[in-house]
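**Student:** Okay, handing you the structure first.
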Amino acid sequence: MEIFRGRRLWIEKTAIPLPNGITREKVIVHPGNAVAIFPIDGDRCKLLKQYRYAVGQYIYEAPAGTMEEGEAPLETAHRELIEETGFRAKTIVPKGFIYTTPGFTDEKIFLFLARDLSPSDEYCKDEDEVIEVVDVATCDIAGMIRDGTICDAKTICLAYRCLGDGQ
């Protein structure tokens with residue numbers, strides 16, 4: 001049974017047969033899939049300092065965005081990188097995907113590493129986005145994760161997948 005349908009997500013309540021033979025009513029949030037991009041330019045990367053109203057503060061995160069209907073993850077990555085940072089990448093490499101919160105949502109975020117950046121004249125952030133593009137030394141990323149400066153889960157996963165745990 002559909003509980004809510006919005007522009008970007010819908011919520012349903014449904015009976016789910018579990019592998020142990022029990023059936024339970026569950027609520028599932030379907031926000032659609034998304035991408036997140038780790039843009040590296042030499043020994044620096046571009047992060048966003050973005051205001052997130054749900055947590056009421058600015059957080060540091062990788063550029064990311066929702067896939068449009070019929071859009072492939074790589075296509076979305078190219079589009080979102082330009083829209084959010086004003087840079088395009090000559091090279092974008094897939095780094096797998098993550099489930100964000102599989103206890104209640106089927107959202108999948110496809111992860112990408114972007115290199116060979118150049119400015120784009122197509123920069124056009126959404127009007128409801130309060131974003132500042134920040135250049136960060138890649139060697140500082142692990143410390144920013146350890147001290148809590150970077151607390152966004154997708155960005156932490158991306159850093160691990162793109163930089164490894166030794167950076």
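By order of appearance in the structure tokens: chains A, B, ..., then residues from 1 within every chain, and ligands from 1 in the order shown.
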Counting only C-alpha atoms, give me one row per residue of stretch 19-70 of chain A with an atom at most 7 Å from an atom of stretch 115-119 of chain A, showing the shortest contact pair and its distance in Å to one decimal, sorted by chain then residue number, as a tab-separated table.
**Tutor:**
```
residue	atom	partner	partner_atom	distance
A:Pro39	CA	A:Arg115	CA	6.0
A:Ile40	CA	A:Arg115	CA	5.3
A:Asp41	CA	A:Leu117	CA	6.1
```
**Student:** Those selected residues, please, written with N, CA and C atoms and delivered as a PDB file, in the first residue's frame.
**Tutor:**
```
ATOM      1  N   PRO A  39      36.026  13.851  -6.935  1.00  0.00           N
ATOM      2  CA  PRO A  39      36.818  14.517  -7.967  1.00  0.00           C
ATOM      3  C   PRO A  39      38.222  14.868  -7.461  1.00  0.00           C
ATOM      4  N   ILE A  40      39.231  14.268  -8.068  1.00  0.00           N
ATOM      5  CA  ILE A  40      40.622  14.515  -7.681  1.00  0.00           C
ATOM      6  C   ILE A  40      41.317  15.292  -8.790  1.00  0.00           C
ATOM      7  N   ASP A  41      42.005  16.347  -8.375  1.00  0.00           N
ATOM      8  CA  ASP A  41      42.747  17.197  -9.303  1.00  0.00           C
ATOM      9  C   ASP A  41      44.175  17.309  -8.763  1.00  0.00           C
TER      10      ASP A  41
END
```
**Student:** For A:Met1, list every protein, DNA or RNA residue within 8 Å, evaluated using only C-alpha atoms, and leave out those in the same chain fewer than 3 positions away; present the list as a list of chain:residue names.
**Tutor:** A:Glu12, A:Lys13, A:Thr14
**Student:** Create the file for the chosen residues now, containing N, CA and C atoms and written as a PDB file, in the first residue's frame.
**Tutor:**
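Output contents, as saved in again_4.pdb:
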```
ATOM      1  N   GLU A  12       6.111   2.981   0.836  1.00  0.00           N
ATOM      2  CA  GLU A  12       5.069   1.957   0.828  1.00  0.00           C
ATOM      3  C   GLU A  12       5.117   1.141   2.112  1.00  0.00           C
ATOM      4  N   LYS A  13       3.972   0.588   2.455  1.00  0.00           N
ATOM      5  CA  LYS A  13       3.857  -0.369   3.549  1.00  0.00           C
ATOM      6  C   LYS A  13       3.399  -1.667   2.906  1.00  0.00           C
ATOM      7  N   THR A  14       4.158  -2.740   3.142  1.00  0.00           N
ATOM      8  CA  THR A  14       3.853  -3.987   2.448  1.00  0.00           C
ATOM      9  C   THR A  14       4.223  -5.192   3.314  1.00  0.00           C
TER      10      THR A  14
END
```
**Student:** Residues near stretch 143-148 of chain A, anyone? I mean within 12 Å using only C-alpha atoms, not counting same-chain ones fewer than 4 positions away, as an NGL selection string.
**Tutor:** :A and (47 or 59-61 or 136-139 or 152-160 or 165-167)
**Student:** Excluding same-chain residues fewer than 5 positions from A:Asp135, what lies within 9 Å of it counting only C-alpha atoms, as a list in words?
**Tutor:** Arg44, Cys45, Lys46, Leu47 and Leu48 of chain A
**Student:** Quick check for you: according to DSSP on this backbone, which residues of stretch 70-148 of chain A are classed as alpha helix (DSSP H)? Reply as a PyMOL selection string.
**Tutor:** chain A and resi 73-85+141-146
**Student:** Give the answer as one residue: which of A:Met67, A:Ile150, A:Ala142, A:Ala54 has the shortest atom-to-atom distance to A:Ala34, using only C-alpha atoms?
**Tutor:**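 Ranked by minimum distance to A:Ala34, first place goes to A:Met67.
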**Student:** So how many Å separate atom CA of A:Asp140 and atom CA of A:Lys90, to one decimal?
**Tutor:**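 One can read the atom CA of A:Asp140 to atom CA of A:Lys90 distance as 24.3 Å.
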**Student:** Could you name the residues that touch A:Thr76 at 9 Å or less, counting only C-alpha atoms, but leaving out those on the same chain fewer than 5 positions away, as a list in words?
**Tutor:** Ala34, Val35, Gly65, Thr66, Met67, Glu68, Glu71 and Leu81 of chain A
**Student:** Would you mind exporting C-alpha atoms of the selected residues as a PDB file, in the first residue's frame?
**Tutor:**
```pdb
ATOM      1  CA  ALA A  34      21.919   8.227  -6.991  1.00  0.00           C
ATOM      2  CA  VAL A  35      25.596   8.779  -7.704  1.00  0.00           C
ATOM      3  CA  GLY A  65      22.855  13.598  -7.039  1.00  0.00           C
ATOM      4  CA  THR A  66      19.808  11.639  -8.024  1.00  0.00           C
ATOM      5  CA  MET A  67      19.609   9.693 -11.257  1.00  0.00           C
ATOM      6  CA  GLU A  68      16.958  10.927 -13.678  1.00  0.00           C
ATOM      7  CA  GLU A  71      19.727   7.866 -17.047  1.00  0.00           C
ATOM      8  CA  LEU A  81      29.854  16.794 -11.251  1.00  0.00           C
TER       9      LEU A  81
END
```
**Student:** Taking into account only C-alpha atoms, which residue in the set A:Gly103, A:Gly86, A:Gly42, A:Gly164 is nearest to A:Glu132?
**Tutor:**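 Comparing A:Gly103, A:Gly86, A:Gly42, A:Gly164 against A:Glu132, the winner is A:Gly86.
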**Student:** Just want the 8 Å neighbourhood of A:His30, counted on only C-alpha atoms, with same-chain residues fewer than 3 positions away dropped. Output as number ranges by chain.
**Tutor:** A: 9-11, 105-107
**Student:** Keeping only C-alpha atoms, take the residues you just selected and write them out as an mmCIF file, in the first residue's frame.
**Tutor:**
```cif
data_model
loop_
_atom_site.group_PDB
_atom_site.id
_atom_site.type_symbol
_atom_site.label_atom_id
_atom_site.label_comp_id
_atom_site.auth_asym_id
_atom_site.auth_seq_id
_atom_site.Cartn_x
_atom_site.Cartn_y
_atom_site.Cartn_z
ATOM 1 C CA LEU A 9 10.551 9.421 -3.506
ATOM 2 C CA TRP A 10 7.690 7.215 -2.525
ATOM 3 C CA ILE A 11 6.943 5.221 0.614
ATOM 4 C CA THR A 105 15.274 1.900 2.002
ATOM 5 C CA ASP A 106 16.349 0.339 -1.291
ATOM 6 C CA GLU A 107 18.450 3.387 -2.244
#
```
